[in-house]
$ cat target.txt   # compact mmCIF, N, CA and C atoms
# COMPACT_ATOMS: atom_id res chain seq x y z
N LYS J 1474 -90.57 -2.52 -49.59
CA LYS J 1474 -89.64 -1.57 -49.01
C LYS J 1474 -89.73 -0.20 -49.71
N LYS J 1475 -89.82 -0.25 -51.03
CA LYS J 1475 -89.85 0.99 -51.80
C LYS J 1475 -91.10 1.81 -51.46
N ARG J 1476 -92.26 1.14 -51.37
CA ARG J 1476 -93.49 1.85 -51.05
C ARG J 1476 -93.45 2.45 -49.65
N LEU J 1477 -92.83 1.73 -48.74
CA LEU J 1477 -92.71 2.23 -47.37
C LEU J 1477 -91.83 3.48 -47.34
N LEU J 1478 -90.73 3.45 -48.04
CA LEU J 1478 -89.85 4.62 -48.12
C LEU J 1478 -90.57 5.82 -48.72
N ARG J 1479 -91.33 5.57 -49.76
CA ARG J 1479 -92.06 6.65 -50.42
C ARG J 1479 -93.12 7.23 -49.50
N ALA J 1480 -93.84 6.37 -48.81
CA ALA J 1480 -94.87 6.84 -47.87
C ALA J 1480 -94.24 7.62 -46.72
N ALA J 1481 -93.11 7.14 -46.24
CA ALA J 1481 -92.42 7.84 -45.15
C ALA J 1481 -91.94 9.21 -45.61
N ALA J 1482 -91.42 9.30 -46.82
CA ALA J 1482 -90.95 10.59 -47.35
C ALA J 1482 -92.11 11.58 -47.45
N GLU J 1483 -93.25 11.11 -47.89
CA GLU J 1483 -94.41 11.99 -47.99
C GLU J 1483 -94.89 12.43 -46.61
N ALA J 1484 -94.89 11.50 -45.67
CA ALA J 1484 -95.35 11.83 -44.31
C ALA J 1484 -94.41 12.82 -43.65
N ILE J 1485 -93.13 12.58 -43.73
CA ILE J 1485 -92.16 13.48 -43.11
C ILE J 1485 -92.20 14.84 -43.80
N GLY J 1486 -92.40 14.82 -45.10
CA GLY J 1486 -92.47 16.07 -45.86
C GLY J 1486 -93.66 16.94 -45.50
N SER J 1487 -94.67 16.34 -44.92
CA SER J 1487 -95.85 17.13 -44.55
C SER J 1487 -95.70 17.80 -43.19
N ILE J 1488 -94.65 17.44 -42.47
CA ILE J 1488 -94.39 18.05 -41.16
C ILE J 1488 -93.67 19.37 -41.38
N GLU J 1489 -94.27 20.46 -40.96
CA GLU J 1489 -93.66 21.77 -41.18
C GLU J 1489 -92.95 22.26 -39.93
N SER J 1490 -92.02 21.46 -39.46
CA SER J 1490 -91.25 21.81 -38.28
C SER J 1490 -89.77 21.80 -38.63
N PRO J 1491 -89.03 22.82 -38.20
CA PRO J 1491 -87.59 22.84 -38.48
C PRO J 1491 -86.85 21.63 -37.91
N LYS J 1492 -87.48 20.91 -37.00
CA LYS J 1492 -86.84 19.74 -36.40
C LYS J 1492 -86.63 18.61 -37.40
N VAL J 1493 -87.36 18.61 -38.50
CA VAL J 1493 -87.24 17.54 -39.49
C VAL J 1493 -86.23 17.85 -40.59
N VAL J 1494 -85.67 19.04 -40.59
CA VAL J 1494 -84.77 19.44 -41.67
C VAL J 1494 -83.57 18.51 -41.79
N ASP J 1495 -82.92 18.19 -40.69
CA ASP J 1495 -81.75 17.31 -40.75
C ASP J 1495 -82.13 15.94 -41.30
N LEU J 1496 -83.26 15.41 -40.87
CA LEU J 1496 -83.72 14.12 -41.36
C LEU J 1496 -84.00 14.18 -42.86
N LEU J 1497 -84.64 15.24 -43.30
CA LEU J 1497 -84.93 15.39 -44.72
C LEU J 1497 -83.65 15.46 -45.55
N ILE J 1498 -82.69 16.22 -45.08
CA ILE J 1498 -81.43 16.35 -45.81
C ILE J 1498 -80.72 15.00 -45.89
N LYS J 1499 -80.72 14.26 -44.80
CA LYS J 1499 -80.09 12.92 -44.81
C LYS J 1499 -80.81 11.98 -45.77
N THR J 1500 -82.10 12.16 -45.92
CA THR J 1500 -82.89 11.30 -46.79
C THR J 1500 -82.58 11.52 -48.26
N LEU J 1501 -81.93 12.62 -48.58
CA LEU J 1501 -81.55 12.88 -49.97
C LEU J 1501 -80.56 11.85 -50.51
N SER J 1502 -79.97 11.06 -49.65
CA SER J 1502 -79.01 10.04 -50.09
C SER J 1502 -79.68 8.73 -50.53
N VAL J 1503 -81.00 8.65 -50.37
CA VAL J 1503 -81.74 7.46 -50.78
C VAL J 1503 -81.69 7.31 -52.30
N LYS J 1504 -81.57 6.09 -52.79
CA LYS J 1504 -81.45 5.86 -54.23
C LYS J 1504 -82.73 6.15 -55.00
N ASP J 1505 -83.88 6.01 -54.37
CA ASP J 1505 -85.16 6.18 -55.05
C ASP J 1505 -85.39 7.65 -55.42
N ALA J 1506 -85.50 7.92 -56.71
CA ALA J 1506 -85.66 9.30 -57.19
C ALA J 1506 -86.97 9.91 -56.72
N TYR J 1507 -88.03 9.10 -56.60
CA TYR J 1507 -89.30 9.62 -56.12
C TYR J 1507 -89.17 10.15 -54.70
N VAL J 1508 -88.45 9.42 -53.87
CA VAL J 1508 -88.23 9.83 -52.48
C VAL J 1508 -87.44 11.14 -52.46
N ARG J 1509 -86.38 11.20 -53.25
CA ARG J 1509 -85.57 12.43 -53.29
C ARG J 1509 -86.41 13.62 -53.75
N LYS J 1510 -87.25 13.40 -54.76
CA LYS J 1510 -88.11 14.48 -55.26
C LYS J 1510 -89.05 14.97 -54.17
N ARG J 1511 -89.71 14.07 -53.46
CA ARG J 1511 -90.63 14.45 -52.39
C ARG J 1511 -89.89 15.21 -51.29
N VAL J 1512 -88.70 14.77 -50.96
CA VAL J 1512 -87.91 15.43 -49.91
C VAL J 1512 -87.50 16.82 -50.36
N VAL J 1513 -87.07 16.95 -51.60
CA VAL J 1513 -86.66 18.25 -52.14
C VAL J 1513 -87.83 19.23 -52.09
N LEU J 1514 -89.01 18.77 -52.46
CA LEU J 1514 -90.19 19.64 -52.40
C LEU J 1514 -90.52 20.03 -50.95
N ALA J 1515 -90.35 19.10 -50.04
CA ALA J 1515 -90.61 19.39 -48.63
C ALA J 1515 -89.60 20.41 -48.09
N LEU J 1516 -88.37 20.33 -48.54
CA LEU J 1516 -87.34 21.26 -48.07
C LEU J 1516 -87.63 22.70 -48.51
N GLY J 1517 -88.45 22.87 -49.52
CA GLY J 1517 -88.81 24.20 -49.99
C GLY J 1517 -89.60 25.01 -48.97
N LYS J 1518 -89.97 24.40 -47.87
CA LYS J 1518 -90.71 25.09 -46.81
C LYS J 1518 -89.79 25.72 -45.77
N PHE J 1519 -88.50 25.40 -45.84
CA PHE J 1519 -87.57 25.84 -44.79
C PHE J 1519 -86.46 26.68 -45.40
N ASN J 1520 -86.42 27.93 -45.01
CA ASN J 1520 -85.43 28.85 -45.56
C ASN J 1520 -84.26 29.00 -44.60
N ASN J 1521 -83.25 28.16 -44.78
CA ASN J 1521 -82.01 28.33 -44.04
C ASN J 1521 -80.84 27.87 -44.92
N LYS J 1522 -79.63 28.19 -44.48
CA LYS J 1522 -78.44 27.93 -45.30
C LYS J 1522 -78.26 26.46 -45.63
N GLU J 1523 -78.47 25.58 -44.66
CA GLU J 1523 -78.29 24.15 -44.90
C GLU J 1523 -79.25 23.64 -45.97
N VAL J 1524 -80.49 24.10 -45.90
CA VAL J 1524 -81.49 23.68 -46.88
C VAL J 1524 -81.12 24.21 -48.26
N ILE J 1525 -80.76 25.46 -48.35
CA ILE J 1525 -80.39 26.06 -49.63
C ILE J 1525 -79.20 25.33 -50.24
N ASP J 1526 -78.20 25.02 -49.43
CA ASP J 1526 -77.03 24.28 -49.93
C ASP J 1526 -77.43 22.89 -50.44
N ALA J 1527 -78.29 22.21 -49.70
CA ALA J 1527 -78.74 20.88 -50.12
C ALA J 1527 -79.53 20.96 -51.42
N LEU J 1528 -80.39 21.97 -51.54
CA LEU J 1528 -81.18 22.12 -52.75
C LEU J 1528 -80.30 22.47 -53.96
N LYS J 1529 -79.29 23.28 -53.74
CA LYS J 1529 -78.37 23.61 -54.84
C LYS J 1529 -77.64 22.37 -55.32
N THR J 1530 -77.28 21.50 -54.39
CA THR J 1530 -76.63 20.24 -54.76
C THR J 1530 -77.58 19.38 -55.60
N CYS J 1531 -78.85 19.41 -55.26
CA CYS J 1531 -79.85 18.61 -55.99
C CYS J 1531 -80.10 19.12 -57.40
N LEU J 1532 -79.68 20.33 -57.70
CA LEU J 1532 -79.81 20.84 -59.06
C LEU J 1532 -78.98 20.00 -60.03
N ASN J 1533 -78.00 19.26 -59.50
CA ASN J 1533 -77.15 18.40 -60.31
C ASN J 1533 -77.47 16.92 -60.13
N ASP J 1534 -78.63 16.62 -59.57
CA ASP J 1534 -79.03 15.23 -59.37
C ASP J 1534 -79.10 14.51 -60.71
N LYS J 1535 -78.89 13.21 -60.70
CA LYS J 1535 -78.94 12.44 -61.95
C LYS J 1535 -80.35 12.32 -62.52
N ASN J 1536 -81.36 12.59 -61.71
CA ASN J 1536 -82.74 12.50 -62.15
C ASN J 1536 -83.29 13.89 -62.46
N ILE J 1537 -83.85 14.05 -63.63
CA ILE J 1537 -84.35 15.35 -64.07
C ILE J 1537 -85.50 15.85 -63.20
N GLN J 1538 -86.34 14.94 -62.73
CA GLN J 1538 -87.47 15.35 -61.88
C GLN J 1538 -86.99 15.92 -60.55
N VAL J 1539 -85.92 15.35 -60.01
CA VAL J 1539 -85.33 15.87 -58.77
C VAL J 1539 -84.74 17.25 -59.04
N GLN J 1540 -84.10 17.41 -60.18
CA GLN J 1540 -83.53 18.71 -60.54
C GLN J 1540 -84.62 19.77 -60.64
N LYS J 1541 -85.72 19.43 -61.30
CA LYS J 1541 -86.83 20.38 -61.45
C LYS J 1541 -87.45 20.72 -60.10
N ALA J 1542 -87.58 19.72 -59.24
CA ALA J 1542 -88.13 19.96 -57.90
C ALA J 1542 -87.21 20.87 -57.10
N ALA J 1543 -85.91 20.67 -57.23
CA ALA J 1543 -84.95 21.52 -56.52
C ALA J 1543 -85.06 22.97 -56.99
N LYS J 1544 -85.19 23.15 -58.29
CA LYS J 1544 -85.34 24.50 -58.84
C LYS J 1544 -86.61 25.16 -58.31
N LYS J 1545 -87.70 24.39 -58.29
CA LYS J 1545 -88.97 24.90 -57.79
C LYS J 1545 -88.87 25.30 -56.32
N SER J 1546 -88.23 24.45 -55.51
CA SER J 1546 -88.09 24.74 -54.09
C SER J 1546 -87.22 25.96 -53.85
N LEU J 1547 -86.14 26.07 -54.60
CA LEU J 1547 -85.28 27.25 -54.45
C LEU J 1547 -86.03 28.53 -54.83
N ASN J 1548 -86.83 28.46 -55.87
CA ASN J 1548 -87.62 29.63 -56.27
C ASN J 1548 -88.62 30.02 -55.20
N GLN J 1549 -89.17 29.05 -54.50
CA GLN J 1549 -90.12 29.34 -53.42
C GLN J 1549 -89.43 30.07 -52.27
N LEU J 1550 -88.17 29.79 -52.07
CA LEU J 1550 -87.44 30.38 -50.95
C LEU J 1550 -86.99 31.81 -51.24
N ARG J 1551 -87.06 32.23 -52.46
CA ARG J 1551 -86.60 33.59 -52.82
C ARG J 1551 -87.69 34.60 -52.67

$ encode --input "target.txt" --output "structure tokens"
Amino acid sequence: KKRLLRAAAEAIGSIESPKVVDLLIKTLSVKDAYVRKRVVLALGKFNNKEVIDALKTCLNDKNIQVQKAAKKSLNQLR
């Protein structure tokens, strides 16, 4: 199950369409930190208020790698 979730996160993250933004944001609730990190990096491709708010929330994630990814994605959007 974990590998499937991780593969799905990477696949969805490679789609550069605004249509996947809501799905990506919802995926941030997954417990797997690797999945959250991949999603946060994928969100760095979309510059809108919902994405920025989600990324700012991820700056306080319990996993340091997710926090670093959120910072990187926010910097890309500036």

$ residues_around --input "target.txt" --residues "range 1517-1521 of chain J" --least-positions-apart "3" --cutoff "6.5 Å" --atoms "all atoms listed in the file" --output "CSV table (one decimal) with N, CA and C atoms, in the frame of the given file"
chain,number,residue,atom,x,y,z
J,1512,VAL,N,-88.7,14.8,-51.0
J,1512,VAL,CA,-87.9,15.4,-49.9
J,1512,VAL,C,-87.5,16.8,-50.4
J,1513,VAL,N,-87.1,17.0,-51.6
J,1513,VAL,CA,-86.7,18.2,-52.1
J,1513,VAL,C,-87.8,19.2,-52.1
J,1514,LEU,N,-89.0,18.8,-52.5
J,1514,LEU,CA,-90.2,19.6,-52.4
J,1514,LEU,C,-90.5,20.0,-51.0
J,1524,VAL,N,-80.5,24.1,-45.9
J,1524,VAL,CA,-81.5,23.7,-46.9
J,1524,VAL,C,-81.1,24.2,-48.3
J,1525,ILE,N,-80.8,25.5,-48.4
J,1525,ILE,CA,-80.4,26.1,-49.6
J,1525,ILE,C,-79.2,25.3,-50.2
J,1526,ASP,N,-78.2,25.0,-49.4
J,1526,ASP,CA,-77.0,24.3,-49.9
J,1526,ASP,C,-77.4,22.9,-50.4
J,1545,LYS,N,-87.7,24.4,-58.3
J,1545,LYS,CA,-89.0,24.9,-57.8
J,1545,LYS,C,-88.9,25.3,-56.3
J,1546,SER,N,-88.2,24.4,-55.5
J,1546,SER,CA,-88.1,24.7,-54.1
J,1546,SER,C,-87.2,26.0,-53.8
J,1547,LEU,N,-86.1,26.1,-54.6
J,1547,LEU,CA,-85.3,27.2,-54.4
J,1547,LEU,C,-86.0,28.5,-54.8
J,1549,GLN,N,-89.2,29.0,-54.5
J,1549,GLN,CA,-90.1,29.3,-53.4
J,1549,GLN,C,-89.4,30.1,-52.3
J,1550,LEU,N,-88.2,29.8,-52.1
J,1550,LEU,CA,-87.4,30.4,-51.0
J,1550,LEU,C,-87.0,31.8,-51.2

$ closest_residue --input "target.txt" --among "J:Ala1484, J:Lys1504, J:Gln1540, J:Ile1498" --to "Glu1523 in chain J" --atoms "all atoms listed in the file"
J:Ile1498

$ atom_distance --input "target.txt" --atom1 "CA of Val1539 in chain J" --atom2 "CA of Lys1510 in chain J"
4.7 Å

$ atom_distance --input "target.txt" --atom1 "CA of Cys1531 in chain J" --atom2 "CA of Arg1551 in chain J"
16.7 Å

$ closest_residue --input "target.txt" --among "J:Leu1516, J:Ala1506, J:Ala1527, J:Ala1480" --to "Val1493 in chain J" --atoms "only C-alpha atoms"
J:Leu1516
